Structures are given as C-alpha cells and as structure tokens.
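Let me begin by presenting the structure, written as structure tokens, before commenting on it.
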Amino acid sequence: MGSIHPFTACSLPVEGSATSSETSELVLYIRPQKGLTARLARIAETNPDGAIRVLLDGPYGGVQMQRIVTSQRQLMIAGGSGAGWLIPMITAFLRKHRSHEASGTSRAPPSAKVVLATRDVTTQAWFEETVAELLSIFGLDKVPSALSIELHYTGSQQGEAAAITHDVLEKLGEPEVEKVAEPQHQLVTTRTDSDTSSSGPVQAQHVKHVGMRPDLSALIRSEAACFDVDRSRLGIFVCGPLSMQSDVSNACADEQVAILKGAQREVYLHMEHFSWA
C-alpha cells in the first residue's frame with residue numbers, strides 16, 4: 001500500500017515548452033526523515049540512475065506566474081526547507097531579467113531580493129552551490145546587480161558556516177571577501193566587485209551572509225517604501241514556518257493600511273505552506 005506525501009515541485013517547465021524539443025523535468029528536493037523519505041534516500045545512494053514508479057496528484061495551489069511577471073520588484077523569503085522552493089522563483093526572475101535585457105527597452109529593469117533563514121549549515125551550502133549552478137545555466141559567472149541575496153544563518157555553528165561560505169564564494173562570483181565589523185552576536189559577510197574602471201562606482205556583489213534572524217517587518221517596510229515614487233508593484237513571496245508567515249503577513253497588512261491612506265504603491269503577498277492547509 002502506498003503513502004501520500006505533500007512534496008513541493010522545485011522546477012519550472014522549459015521555456016516555450018509547447019513547441020520546444022527539450023523535455024521538461026519535474027524536480028523535487030526531499031529531506032530524508034523516516035519511512036518513505038528514508039527509503040528514497042537509500043535508493044538514490046545505491047542506485048542513483050534508477051527509476052521507481054510513482055503516482056502524482058496535483059498540483060494544489062502554487063504561485064500565479066502572472067503575479068511574478070507583473071511584479072517589478074520581488075521579495076522572496078524562505079526558512080529552512082523552503083530553500084528548495086526558492087530555486088524556481090530565482091529561475092523565473094533570471095528568465096524575466098534576460099528577456100528584459102534582450103528587449104532593449106528603456107524601462108527600468110526588474111529587480112529581486114532573496115532572503116533565506118536557516119539554522120542548518122548543510123542547507124546553506126547546498127543553496128549556494130545550487131544558485132551557482134543555476135547562474136551558470138544562464139551564462140552568468142556572478143549574481144547580477146538586479147538580484148540581491150541575503151543568507152541568514154540562525155544556528156550556533158557560525159565558524160562552520162563561515163568555512164563553508166568561503167568554499168562556495170568563487171562559485172557565486174567574486175572571490176574577494178569583506179568582513180564587516182559587527183557585534184559578536186551578528187556576523188555579516190559581503191562580497192565586492194574588484195572592477196576599478198572609471199565607467200562607474202564599484203558595485204556590490206549583492207550577496208550577504210548574516211549571523212542572525214532577519215527582521216522581516218523592517219525588511220518589508222523598507223522594500224515597500226522604495227515604491228512610493230515609481231508606483232510599481234512589489235510582489236512578496238514567502239515559504240517557511242508558521243511564525244515566519246505570520247510575521248510577513250502582519251507586516252504586509254501594515255503596508256496595506258498605508259496604501260488605503262494614500263501611499264502610491266501596490267503590494268502583493270503569496271504564502272506557501274510547508275504542509276497541506
């Protein structure tokens with residue numbers, strides 16, 4: 001007798017899948033626990049190219065792609081196992097960014113900020129390596145300026161986290177590392193571009209490592225405030241534990257109140273649950 005597990009799809013169809021000769025793949029990132037997931041892990045270890053028969057039912061819910069397309073600015077937030085959920089979100093943004101550059105339009109380019117909070121150094125390392133692989137697929141050797149990434153490590157093994165960070169810096173772009181002095185309870189690491197040409201100011205590499213939980217209320221308030229001028233849509237997408245979703249939804253509610261009072265901005269919120277709601 002089979003069992004039912006609400007896994008999350010962490011991939012997108014190939015572009016132009018209706019006419020493309022490429023085959024789309026459905027990717028699921030599964031953290032082994034007990035029962036079925038433990039058995040799947042053993043199968044993958046002993047027979048990595050093997051195949052098993054499964055029955056798929058769904059999908060249920062999910063992000064509306066039109067909301068992603070029409071959001072000039074995106075804020076993507078995830079906690080813990082939600083790291084895998086971020087990958088197709090980043091993929092969608094990189095496609096959108098590439099399309100904007102190819103169009104040659106004078107409109108402001110789309111931009112996005114990714115915030116991942118995890119207490120697991122293995123998850124952090126996996127995420128950074130996966131993002132590096134994703135960038136290479138798009139022909140990028142570093143994070144584009146329109147995309148910023150914050151990795152918040154909330155565990156107690158900061159030394160181990162820092163060591164892993166150094167190992168993956170080159171995969172994400174510039175190997176230069178700048179440690180910013182902060183109180184002992186907070187570790188912030190940023191990377192800077194070594195380009196010193198006269199064509200413009202030195203640009204940050206847009207990757208930051210922080211040794212504390214993100215202040216979600218302040219983050220959303222700051223992001224929303226940037227849109228009082230250009231009246232663009234801010235799309236906020238979150239996947240994480242209930243406490244994280246509660247903080248984000250409350251902060252978005254505050255912004256909706258400001259909009260009702262006349263703030264010239266539009267804020268859209270999508271929340272993805274870890275389990276069936």
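Scheme for the structure tokens: letters A, B, ... for chains in order shown; per-chain residue numbers from 1; ligand numbers from 1 in order shown.
Using only C-alpha atoms, the protein and nucleic acid residues lying no more than 8 Å from Val238 (chain A), apart from those fewer than 2 places from it along its own chain, are Met76, Ile77, Ala78, Ile236, Gly240, Gln245, Val248, Leu269, His270, Met271 and Glu272 of chain A.
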Name the residues in contact with Cys239 (chain A) at a cut-off of 12 Å, using only C-alpha atoms, excluding same-chain residues fewer than 3 positions from it; report them as a PyMOL selection string. chain A and resi 8+62-63+75-87+89+114-117+236+242-249+269-275
Take CA of His97 (chain A) and CA of Pro109 (chain A) and report the distance between them in Å, one decimal. 7.0 Å
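Candidate residues A:Asn47, A:Lys208, A:Gly61, A:Phe138 were compared for distance to Ser99 (chain A), and the nearest is A:Phe138, using only C-alpha atoms.
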Just want the 12 Å neighbourhood of Pro88 (chain A), counted on only C-alpha atoms, with same-chain residues fewer than 3 positions away dropped. Output as a ChimeraX atom specification. /A:8-14,26-29,62-63,65,68,76,82-85,91-95,130-131,134
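Of the listed residues (A:His152, A:Arg31, A:Ala108, A:Ser20), A:His152 comes nearest to Pro214 (chain A); the distances count only C-alpha atoms.
Taking CA of Ser106 (chain A) and CA of Phe237 (chain A) as the two end points, the separation is 26.9 Å.
The coordinates place CA of Ile220 (chain A) at 26.2 Å from CA of Ala132 (chain A).
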